[in-house]
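Shown next: data-v8.txt, containing compact mmCIF, C-alpha atoms.
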# COMPACT_ATOMS: atom_id res chain seq x y z
CA MET I 1 -1.69 12.21 20.26
CA ARG I 2 1.79 11.49 18.87
CA VAL I 3 2.58 8.50 16.66
CA VAL I 4 5.98 7.69 15.17
CA LEU I 5 5.84 5.84 11.84
CA VAL I 6 8.98 3.99 10.79
CA ARG I 7 9.56 2.63 7.34
CA HIS I 8 11.57 -0.57 7.65
CA SER I 9 15.30 -0.50 7.02
CA VAL I 10 17.17 -1.90 4.00
CA SER I 11 15.80 -5.34 3.20
CA ALA I 12 17.49 -8.32 1.58
CA ALA I 13 15.45 -8.25 -1.64
CA ASP I 14 15.06 -11.58 -3.41
CA PRO I 15 12.71 -11.52 -6.43
CA SER I 16 12.29 -15.31 -6.19
CA THR I 17 10.54 -15.01 -2.79
CA SER I 18 7.69 -12.93 -1.42
CA PRO I 19 8.72 -9.48 -0.14
CA HIS I 20 6.72 -10.35 2.97
CA THR I 21 9.44 -12.88 3.91
CA TRP I 22 12.50 -10.64 3.51
CA GLY I 23 14.67 -9.71 6.47
CA LEU I 24 17.28 -6.96 6.71
CA THR I 25 20.74 -6.79 5.20
CA ASP I 26 23.74 -6.09 7.43
CA GLU I 27 23.57 -2.46 6.31
CA GLY I 28 19.86 -2.45 7.15
CA ARG I 29 20.54 -3.75 10.66
CA ALA I 30 23.17 -1.05 11.24
CA ARG I 31 20.85 1.71 10.04
CA ALA I 32 18.01 0.37 12.20
CA ALA I 33 20.24 0.33 15.27
CA ALA I 34 21.07 4.02 14.69
CA LEU I 35 17.43 5.14 15.03
CA ASP I 36 16.38 7.00 18.17
CA LEU I 37 13.15 5.41 19.37
CA SER I 38 13.79 5.73 23.09
CA GLY I 39 10.77 5.89 25.36
CA LEU I 40 8.38 4.52 22.76
CA ARG I 41 6.37 1.32 22.77
CA LEU I 42 7.36 -0.68 19.67
CA LEU I 43 4.78 -2.11 17.29
CA ALA I 44 5.58 -3.75 13.94
CA GLY I 45 3.83 -5.36 11.04
CA PRO I 46 4.37 -9.12 10.73
CA GLU I 47 7.16 -9.02 8.15
CA PRO I 48 10.70 -9.90 9.35
CA LYS I 49 12.15 -6.64 7.98
CA MET I 50 9.70 -4.65 10.11
CA VAL I 51 10.33 -6.56 13.33
CA GLN I 52 14.10 -6.55 12.76
CA THR I 53 14.07 -2.76 12.25
CA LEU I 54 12.69 -2.22 15.75
CA GLU I 55 14.40 -5.10 17.64
CA PRO I 56 17.55 -3.11 18.57
CA HIS I 57 15.32 -0.75 20.57
CA GLY I 58 13.49 -3.20 22.83
CA PRO I 59 10.66 -5.72 22.84
CA VAL I 60 8.53 -5.58 19.69
CA GLU I 61 4.82 -6.32 19.57
CA VAL I 62 3.62 -7.68 16.21
CA ASP I 63 0.28 -6.50 14.84
CA PRO I 64 -0.83 -7.64 11.37
CA ARG I 65 -2.81 -4.40 10.95
CA CYS I 66 0.55 -2.61 10.70
CA GLY I 67 1.69 -4.64 7.69
CA GLU I 68 2.54 -3.30 4.26
CA SER I 69 -0.19 -3.18 1.65
CA HIS I 70 -0.73 -6.69 0.35
CA SER I 71 0.74 -7.38 -3.08
CA GLU I 72 1.44 -10.52 -5.06
CA GLY I 73 4.42 -11.46 -7.16
CA TRP I 74 7.37 -9.56 -8.57
CA LEU I 75 6.30 -6.97 -11.15
CA GLY I 76 9.59 -5.51 -12.36
CA ASP I 77 10.53 -1.86 -11.96
CA ASP I 78 8.24 -0.20 -14.55
CA ALA I 79 5.16 -2.27 -13.72
CA PHE I 80 5.79 -1.81 -9.99
CA LEU I 81 6.00 1.99 -10.31
CA ALA I 82 2.79 2.04 -12.38
CA ALA I 83 1.03 -0.07 -9.74
CA ILE I 84 2.21 2.33 -7.02
CA GLU I 85 0.81 5.29 -8.97
CA ARG I 86 -2.56 3.51 -9.28
CA TYR I 87 -2.44 2.61 -5.57
CA PHE I 88 -2.15 6.27 -4.57
CA ALA I 89 -4.73 7.33 -7.17
CA GLY I 90 -7.28 5.12 -5.40
CA GLU I 91 -7.48 2.66 -8.27
CA GLU I 92 -6.98 -1.10 -8.37
CA PRO I 93 -3.14 -1.16 -8.23
CA ALA I 94 -2.55 -4.66 -9.68
CA PRO I 95 -4.18 -8.08 -9.37
CA GLY I 96 -3.95 -9.28 -5.78
CA TRP I 97 -2.94 -5.87 -4.42
CA GLU I 98 -4.68 -4.20 -1.49
CA ARG I 99 -6.06 -0.71 -2.10
CA ALA I 100 -4.67 2.26 -0.16
CA ALA I 101 -8.08 2.99 1.40
CA ASP I 102 -8.20 -0.54 2.83
CA VAL I 103 -4.74 -0.11 4.35
CA VAL I 104 -5.78 3.17 5.97
CA ALA I 105 -8.95 1.56 7.36
CA ARG I 106 -7.03 -1.25 9.12
CA PHE I 107 -3.95 0.69 10.27
CA PRO I 108 -3.90 1.46 14.02
CA LEU I 109 -2.78 4.81 15.38
CA VAL I 110 -1.62 4.49 18.98
CA ASP I 111 -0.36 7.36 21.09
CA GLY I 112 3.28 7.05 22.18
CA VAL I 113 4.07 4.17 19.84
CA ALA I 114 6.65 3.66 17.10
CA ILE I 115 4.98 1.63 14.34
CA CYS I 116 7.17 -0.03 11.73
CA SER I 117 5.61 -0.82 8.38
CA GLY I 118 6.28 -0.50 4.67
CA GLY I 119 6.52 2.65 2.61
CA ARG I 120 3.22 2.22 0.78
CA ALA I 121 1.24 1.74 3.98
CA ILE I 122 2.91 4.61 5.80
CA SER I 123 2.52 6.99 2.86
CA ALA I 124 -1.16 6.08 2.48
CA VAL I 125 -1.83 6.74 6.17
CA VAL I 126 0.05 10.05 6.19
CA ALA I 127 -1.65 11.20 2.97
CA HIS I 128 -5.07 10.32 4.36
CA LEU I 129 -4.49 12.17 7.63
CA THR I 130 -2.68 15.26 6.33
CA GLY I 131 -3.88 15.61 2.74
CA CYS I 132 -0.36 15.42 1.29
CA ASP I 133 0.39 13.64 -1.99
CA GLY I 134 0.99 10.02 -0.97
CA PHE I 135 2.85 9.09 -4.14
CA ALA I 136 5.21 12.08 -3.81
CA LEU I 137 5.81 11.19 -0.17
CA TRP I 138 6.47 7.52 -1.00
CA ARG I 139 9.11 8.55 -3.56
CA THR I 140 11.05 10.48 -0.88
CA LEU I 141 11.17 7.76 1.77
CA THR I 142 14.51 6.25 2.70
CA MET I 143 15.23 2.96 4.46
CA PRO I 144 14.66 3.40 7.31
CA HIS I 145 12.60 6.58 7.45
CA VAL I 146 10.88 8.14 10.46
CA ILE I 147 7.75 10.29 10.24
CA VAL I 148 6.30 11.82 13.40
CA LEU I 149 2.55 12.40 13.33
CA HIS I 150 0.87 14.57 15.91
CA GLN I 151 -2.41 16.36 16.21
CA GLY I 152 -2.15 20.12 16.16
CA ASP I 153 -4.16 22.64 18.18
CA GLN I 154 -7.39 22.10 16.26
CA GLY I 155 -7.12 18.32 15.97
CA ARG I 156 -5.53 18.40 12.52
CA TRP I 157 -2.76 15.91 11.88
CA VAL I 158 0.70 17.26 11.16
CA ALA I 159 3.59 15.14 9.86
CA SER I 160 7.28 15.86 10.17
CA ASN I 161 10.42 13.87 9.48
CA GLY I 162 11.84 12.41 12.65
Mind converting the file's structure to structure tokens?
Amino acid sequence: MRVVLVRHSVSAADPSTSPHTWGLTDEGRARAAALDLSGLRLLAGPEPKMVQTLEPHGPVEVDPRCGESHSEGWLGDDAFLAAIERYFAGEEPAPGWERAADVVARFPLVDGVAICSGGRAISAVVAHLTGCDGFALWRTLTMPHVIVLHQGDQGRWVASNG
């Protein structure tokens, strides 16, 4: 099995609106178009930035299970980073936030598919499957970022940057 996970491209952040409504910036659209996702079925979470990241590469199927971890409200930089640390530690990240384990439980893995989601969701899934440090991985992700997951000889998941 081979699954390509794509963190969405650069989004048009607006603290006065929900991050779940943000689309891509012009720079984000250009970076998304430069990805090589040829030959893959395209699946995205329901957020505009996720769908728009994959659109240059063909028809996109939307699946809410591929969405970012649910969060509520703008926290500010320090509070956001602390919530992310709690998220990856398996704790209650912040009021109204979904736990990493719940994201992993709902996230589909489909062979031959590029799945676009958010950095928290992707890092939680990769950490769960490979045993890596999810918080450390999350801190290294760019916009967009491609991680290829495949099962090795003994069924163990291996992740590499695409």
TODO: Go through I:Ser38, I:Ser117, I:Thr53, I:Thr25 and flag the residue nearest I:Gly67, using all atoms listed in the file for the distances.
DONE: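 The closest residue to I:Gly67 is I:Ser117.
By only C-alpha atoms, and with residues fewer than 5 positions from stretch 152-158 of chain I along its chain excluded, the set lying at most 10 Å from it is Met1, Arg2, Val126, His128, Leu129, Thr130, Gly131 and Ile147 of chain I.
In terms of minimum interatomic distance to I:Ser11, I:Pro144 ranks closest within I:Gly45, I:Arg99, I:Pro144, I:Ala121, counting all atoms listed in the file.
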Which residues are close to I:Leu24, i.e. within 6 Å by all atoms listed in the file, leaving aside same-chain residues fewer than 3 positions away? Reply as a tab-separated table (two decimals) with C-alpha atoms, keeping the file's coordinate frame.
chain	number	residue	atom	x	y	z
I	10	VAL	CA	17.17	-1.90	4.00
I	11	SER	CA	15.80	-5.34	3.20
I	12	ALA	CA	17.49	-8.32	1.58
I	28	GLY	CA	19.86	-2.45	7.15
I	49	LYS	CA	12.15	-6.64	7.98
Task: Top pick for closest residue to I:Gly112, considering I:Ala136, I:Ala83, I:Leu40, I:Ala159 and counting only C-alpha atoms - done: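 Using only C-alpha atoms, I:Gly112 sits closest to I:Leu40.
The gap separating atom CA of I:Pro46 from atom CA of I:Arg86 is 24.7 Å, in Å to one decimal.
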Task: Pick from I:Leu5, I:Ala89, I:Asn161, I:Leu37 nearest to I:Leu109, counting only C-alpha atoms - done: I:Leu5
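Using all atoms listed in the file for every distance, the candidate list I:Pro108, I:Gly118, I:Gly96, I:Pro56 yields I:Gly118 as the residue closest to I:His20.
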Name the residues in contact with I:Asp36 at a cut-off of 10 Å, using all atoms listed in the file, excluding same-chain residues fewer than 3 positions from it; report them as a PDB file with C-alpha atoms, in the coordinates of the input.
ATOM      1  CA  ALA I  32      18.010   0.370  12.200  1.00  0.00           C
ATOM      2  CA  ALA I  33      20.240   0.330  15.270  1.00  0.00           C
ATOM      3  CA  GLY I  39      10.770   5.890  25.360  1.00  0.00           C
ATOM      4  CA  LEU I  40       8.380   4.520  22.760  1.00  0.00           C
ATOM      5  CA  HIS I  57      15.320  -0.750  20.570  1.00  0.00           C
ATOM      6  CA  VAL I 146      10.880   8.140  10.460  1.00  0.00           C
ATOM      7  CA  GLY I 162      11.840  12.410  12.650  1.00  0.00           C
TER       8      GLY I 162
END
Open item on the list: Could you list, as a list in words, every residue within 10 Å of I:Leu54, counting all atoms listed in the file and ignoring same-chain residues fewer than 2 positions away?
Closed with: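 Returned residues: Val6, His8, Ser9, Arg29, Ala32, Ala33, Leu35, Leu37, Leu42, Leu43, Ala44, Lys49, Met50, Val51, Gln52, Pro56, His57, Gly58, Pro59, Val60, Glu61, Ala114, Ile115 and Cys116 of chain I.
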